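Data block for upload23.cif (mmCIF, C-alpha atoms):
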```
data_structure
loop_
_atom_site.label_atom_id
_atom_site.label_comp_id
_atom_site.auth_asym_id
_atom_site.auth_seq_id
_atom_site.Cartn_x
_atom_site.Cartn_y
_atom_site.Cartn_z
CA LEU A 1 80.87 33.37 50.70
CA LEU A 2 83.26 31.79 53.12
CA PRO A 3 83.28 28.01 53.56
CA GLU A 4 81.27 26.64 56.47
CA SER A 5 84.55 25.70 58.16
CA ALA A 6 85.41 29.39 58.64
CA THR A 7 84.25 29.72 62.23
CA ASP A 8 86.73 32.24 63.62
CA GLU A 9 84.67 35.32 64.56
CA TYR A 10 87.33 37.52 62.96
CA ILE A 11 87.10 35.67 59.65
CA ARG A 12 83.44 34.79 59.24
CA PRO A 13 81.19 37.87 59.13
CA THR A 14 78.24 37.90 61.49
CA LYS A 15 76.42 40.91 60.03
CA ILE A 16 76.44 41.86 56.34
CA ILE A 17 75.14 44.88 54.48
CA LEU A 18 74.71 43.91 50.82
CA VAL A 19 75.18 46.65 48.25
CA GLY A 20 74.35 46.26 44.58
CA TYR A 21 74.46 48.64 41.65
CA SER A 22 72.27 48.38 38.53
CA TYR A 23 71.91 44.68 37.63
CA GLY A 24 73.71 43.87 40.89
CA ALA A 25 70.99 45.77 42.77
CA LEU A 26 68.44 43.21 41.56
CA ILE A 27 70.68 40.27 42.39
CA SER A 28 71.80 41.46 45.84
CA GLY A 29 68.22 41.88 47.02
CA SER A 30 67.40 38.36 45.91
CA ALA A 31 70.60 36.95 47.45
CA SER A 32 69.66 38.31 50.88
CA VAL A 33 67.20 35.42 51.24
CA ASP A 34 70.03 32.88 51.28
CA ILE A 35 72.38 34.76 53.61
CA PRO A 36 71.04 34.90 57.18
CA GLU A 37 73.81 37.29 58.25
CA VAL A 38 72.39 40.06 56.04
CA VAL A 39 70.96 42.90 58.14
CA ALA A 40 70.50 45.43 55.32
CA SER A 41 70.45 45.75 51.57
CA ILE A 42 71.27 48.85 49.52
CA SER A 43 70.17 48.84 45.89
CA ILE A 44 71.63 51.63 43.77
CA ALA A 45 69.99 52.40 40.41
CA PRO A 46 67.96 49.19 40.17
CA PRO A 47 66.91 48.82 36.52
CA PHE A 48 63.32 47.89 37.33
CA ALA A 49 61.98 49.00 33.94
CA VAL A 50 64.34 46.71 32.02
CA GLY A 51 64.73 43.98 34.65
CA MET A 52 62.58 41.64 32.59
CA TRP A 53 65.22 41.71 29.82
CA LEU A 54 68.21 41.51 32.14
CA LEU A 55 66.82 38.57 34.09
CA SER A 56 65.52 36.48 31.20
CA PHE A 57 61.89 37.45 31.81
CA ARG A 58 62.14 36.39 35.48
CA SER A 59 62.39 39.80 37.16
CA ASP A 60 59.31 39.12 39.29
CA HIS A 61 61.02 36.03 40.70
CA PHE A 62 63.99 38.10 41.91
CA LEU A 63 61.77 40.83 43.36
CA GLU A 64 59.60 38.24 45.12
CA ARG A 65 62.71 36.66 46.62
CA ALA A 66 63.94 40.06 47.81
CA ALA A 67 60.57 40.66 49.49
CA GLN A 68 60.77 37.39 51.46
CA ARG A 69 63.12 38.90 54.03
CA ASN A 70 60.99 41.19 56.17
CA ASP A 71 63.64 41.40 58.90
CA ILE A 72 66.21 43.48 57.01
CA TYR A 73 66.43 47.17 56.22
CA ARG A 74 66.34 48.10 52.53
CA LEU A 75 67.35 51.27 50.73
CA PHE A 76 66.69 51.77 47.03
CA ILE A 77 68.26 54.80 45.34
CA LEU A 78 67.49 56.15 41.88
CA GLY A 79 68.60 59.24 40.01
CA ASP A 80 65.63 61.17 38.65
CA GLU A 81 67.39 61.25 35.27
CA ASP A 82 68.08 57.49 35.25
CA ASN A 83 68.63 56.17 31.74
CA PHE A 84 66.65 52.94 32.28
CA THR A 85 64.01 53.40 34.98
CA SER A 86 61.64 56.31 35.40
CA GLU A 87 60.83 57.73 38.79
CA ALA A 88 57.21 56.56 38.37
CA SER A 89 58.31 53.00 37.58
CA PHE A 90 60.70 53.04 40.55
CA GLN A 91 58.01 54.22 42.99
CA SER A 92 55.42 51.83 41.58
CA THR A 93 57.72 48.82 41.83
CA LEU A 94 58.64 49.58 45.43
CA GLU A 95 55.00 50.01 46.41
CA ARG A 96 53.82 46.84 44.65
CA LYS A 97 56.70 44.42 45.11
CA ILE A 98 58.73 45.23 48.24
CA PRO A 99 57.41 45.37 51.83
CA ALA A 100 57.12 48.98 52.93
CA ASP A 101 57.83 48.83 56.67
CA ASN A 102 61.60 48.40 56.44
CA THR A 103 62.05 49.71 52.91
CA GLU A 104 62.94 53.22 51.81
CA GLY A 105 63.24 54.68 48.36
CA ALA A 106 65.37 57.75 47.69
CA ILE A 107 65.46 59.89 44.58
CA LEU A 108 68.63 61.86 43.88
CA ARG A 109 67.67 64.92 41.82
CA GLY A 110 69.83 65.67 38.79
CA ALA A 111 71.50 62.25 38.80
CA ASP A 112 71.53 59.74 35.93
CA HIS A 113 71.98 55.97 36.10
CA PHE A 114 75.72 56.34 36.56
CA PHE A 115 75.56 59.14 39.16
CA ARG A 116 78.23 61.05 37.22
CA HIS A 117 79.60 63.88 39.33
CA ARG A 118 77.08 62.97 42.05
CA GLU A 119 79.08 60.23 43.77
CA LYS A 120 79.50 62.25 46.98
CA ASP A 121 75.78 63.00 47.07
CA LEU A 122 75.03 59.30 46.62
CA MET A 123 77.38 58.42 49.49
CA SER A 124 75.74 61.08 51.64
CA VAL A 125 72.28 59.54 51.06
CA ILE A 126 73.65 56.12 52.02
CA GLY A 127 75.53 57.45 55.05
CA GLN A 128 72.51 59.31 56.41
CA TRP A 129 70.33 56.23 55.94
CA LEU A 130 72.86 53.98 57.72
CA LYS A 131 73.02 56.38 60.65
CA ARG A 132 69.22 56.43 60.88
CA VAL A 133 68.59 52.67 60.69
CA PHE A 134 71.60 51.73 62.83
CA PRO A 135 71.55 54.30 65.65
CA GLU A 136 74.01 52.05 67.50
CA CYS A 137 76.79 53.73 65.51
CA GLN A 138 75.96 57.03 67.25
CA GLY A 139 76.66 58.97 64.06
CA ASP A 140 80.09 57.44 63.49
CA LEU A 141 79.93 55.05 60.52
CA GLU A 142 83.46 53.84 61.22
CA ARG A 143 81.97 52.06 64.25
CA LEU A 144 79.64 49.91 62.10
CA PRO A 145 82.02 46.92 61.80
CA THR A 146 82.44 46.69 65.58
CA LEU A 147 78.80 46.98 66.60
CA HIS A 148 76.24 44.36 67.43
CA LEU A 149 73.71 45.27 64.74
CA THR A 150 70.13 44.18 65.05
CA HIS A 151 67.78 42.96 62.36
CA ALA A 152 64.77 45.08 61.52
CA ALA A 153 61.58 44.27 63.33
CA PRO A 154 59.47 41.99 61.11
CA SER A 155 56.68 43.84 59.35
#
```
Just give me the structure of the file as structure tokens.
Amino acid sequence: LLPESATDEYIRPTKIILVGYSYGALISGSASVDIPEVVASISIAPPFAVGMWLLSFRSDHFLERAAQRNDIYRLFILGDEDNFTSEASFQSTLERKIPADNTEGAILRGADHFFRHREKDLMSVIGQWLKRVFPECQGDLERLPTLHLTHAAPS
């Protein structure tokens, strides 16, 4: 993060979309609580089934923190052939731990944890989601940095 002294509107971001992959997917969701500028969080291949081991038996703490922000959009993406988390575990965790109103889960068929040879499909899922939750971009994702993005309506 930038120091508090960074006040120039061209230096200090005013709206942030956090993106995390695998272990980083768990951490980025939790970090959104401490960063008021976050308007969305994208979690790619979150290792829910092994999160307990990765987070020193504190995975619930990180998921509970992620759920505290009910004013941001969330996208979770999993390959149905993920090496660490089953589709059932993924769906169950989203339903039990993360607020549903502003949260979406997407399953990419034929993709493993690393999305080998499916990178373009993964980017397509993310791009379509961004266009849907931020209609201000009018279908042009290159406009995202220049737009006044709104937070999600609290659930």
Please produce, as a Markdown table, a per-residue contact table for stretch 54-108 of chain A versus stretch 33-49 of chain A (criterion: any atom at most 6 Å away, all atoms listed in the file considered), showing the nearest atom pair and its distance in Å to one decimal, sorted by chain then residue number.
```
| residue | atom | partner | partner_atom | distance |
| --- | --- | --- | --- | --- |
| A:Ile72 | CA | A:Val39 | CA | 4.9 |
| A:Tyr73 | CA | A:Ala40 | CA | 4.5 |
| A:Arg74 | CA | A:Ser41 | CA | 4.8 |
| A:Leu75 | CA | A:Ile42 | CA | 4.8 |
| A:Phe76 | CA | A:Ser43 | CA | 4.7 |
| A:Ile77 | CA | A:Ile44 | CA | 4.9 |
| A:Leu78 | CA | A:Ala45 | CA | 4.7 |
| A:Phe84 | CA | A:Pro47 | CA | 5.9 |
| A:Thr85 | CA | A:Ala49 | CA | 5.0 |
```
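In this comparison, which uses all atoms listed in the file, the residue of A:Ala25, A:Ala66, A:Ile16, A:Ile107 approaching A:Leu147 most closely is A:Ile16.
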>> Which residue is closest to A:Arg116? Choose from A:Glu81, A:Val19, A:Asn102, A:Ser32 and count only C-alpha atoms.
In response: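 When distances to A:Arg116 are compared using only C-alpha atoms, the smallest one comes from A:Glu81.
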> Which protein, DNA or RNA residues have an atom at most 12 Å from (58.0, 48.0, 45.9), counting only C-alpha atoms? List them as a list of chain:residue names.
Replying inline: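 The residues that fall inside the cut-off are A:Gly29, A:Pro46, A:Phe48, A:Asp60, A:Leu63, A:Glu64, A:Ala66, A:Ala67, A:Arg74, A:Leu75, A:Phe76, A:Ala88, A:Ser89, A:Phe90, A:Gln91, A:Ser92, A:Thr93, A:Leu94, A:Glu95, A:Arg96, A:Lys97, A:Ile98, A:Pro99, A:Ala100, A:Asp101, A:Asn102, A:Thr103, A:Glu104, A:Gly105.
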>> Give me the residues near stretch 130-132 of chain A as a ChimeraX atom specification, where near means some atom within 10 Å (using only C-alpha atoms) and where sequence neighbours in that chain fewer than 4 positions away do not count.
In response: /A:17,40,42,73,75,124-126,136-141,144
>> Can you measure atom CA of A:Phe134 to atom CA of A:Glu119 for me? One decimal in Å is fine.
In response: 22.2 Å
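Here atom CA of A:Ile27 stands at a distance of 13.9 Å from atom CA of A:Arg69.
Taking atom CA of A:Asp112 as the reference point, atom CA of A:Gln128 is found at 20.5 Å.
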> Given the file above and the PyMOL selection byres ((chain A and resi 109) around 8), which residues are selected, and can you give them as a list in words?
Replying inline: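 So the PyMOL selection byres ((chain A and resi 109) around 8) ends up selecting Gly79, Asp80, Glu81, Ile107, Leu108, Gly110 and Ala111 of chain A.
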Where is the centre and how long are the edges: axis-aligned box on stretch 27-38 of chain A, 3 Å on each side, Å to one decimal, as AutoDock Vina command-line options:
```
--center_x 70.5 --center_y 37.4 --center_z 50.3 --size_x 12.6 --size_y 15.0 --size_z 21.9
```
> How would you write as a ChimeraX atom specification the residues that get within 6 Å of (67.4, 38.1, 41.8) in the file's frame, counting all atoms listed in the file?
Replying inline: /A:26-27,30,62
Add whatever atoms are absent from stretch 76-88 of chain A to reach N, CA and C atoms, and provide the output as a tab-separated table (two decimals), keeping the file's coordinate frame.
```tsv
chain	number	residue	atom	x	y	z
A	76	PHE	N	66.62	51.74	48.48
A	76	PHE	CA	66.69	51.77	47.03
A	76	PHE	C	66.94	53.22	46.63
A	77	ILE	N	67.93	53.44	45.77
A	77	ILE	CA	68.26	54.80	45.34
A	77	ILE	C	68.22	54.88	43.83
A	78	LEU	N	67.59	55.93	43.32
A	78	LEU	CA	67.49	56.15	41.88
A	78	LEU	C	67.76	57.62	41.58
A	79	GLY	N	68.46	57.88	40.50
A	79	GLY	CA	68.60	59.24	40.01
A	79	GLY	C	67.35	59.59	39.22
A	80	ASP	N	66.86	60.82	39.36
A	80	ASP	CA	65.63	61.17	38.65
A	80	ASP	C	65.84	61.30	37.15
A	81	GLU	N	67.09	61.24	36.71
A	81	GLU	CA	67.39	61.25	35.27
A	81	GLU	C	67.97	59.90	34.84
A	82	ASP	N	67.57	58.84	35.55
A	82	ASP	CA	68.08	57.49	35.25
A	82	ASP	C	67.78	57.14	33.79
A	83	ASN	N	68.74	56.50	33.16
A	83	ASN	CA	68.63	56.17	31.74
A	83	ASN	C	67.73	54.97	31.47
A	84	PHE	N	67.38	54.20	32.50
A	84	PHE	CA	66.65	52.94	32.28
A	84	PHE	C	65.32	52.86	33.02
A	85	THR	N	65.21	53.51	34.17
A	85	THR	CA	64.01	53.40	34.98
A	85	THR	C	63.49	54.79	35.33
A	86	SER	N	62.23	55.01	35.06
A	86	SER	CA	61.64	56.31	35.40
A	86	SER	C	61.33	56.36	36.89
A	87	GLU	N	61.18	57.55	37.39
A	87	GLU	CA	60.83	57.73	38.79
A	87	GLU	C	59.49	57.06	39.10
A	88	ALA	N	58.53	57.18	38.18
A	88	ALA	CA	57.21	56.56	38.37
A	88	ALA	C	57.32	55.04	38.44
```
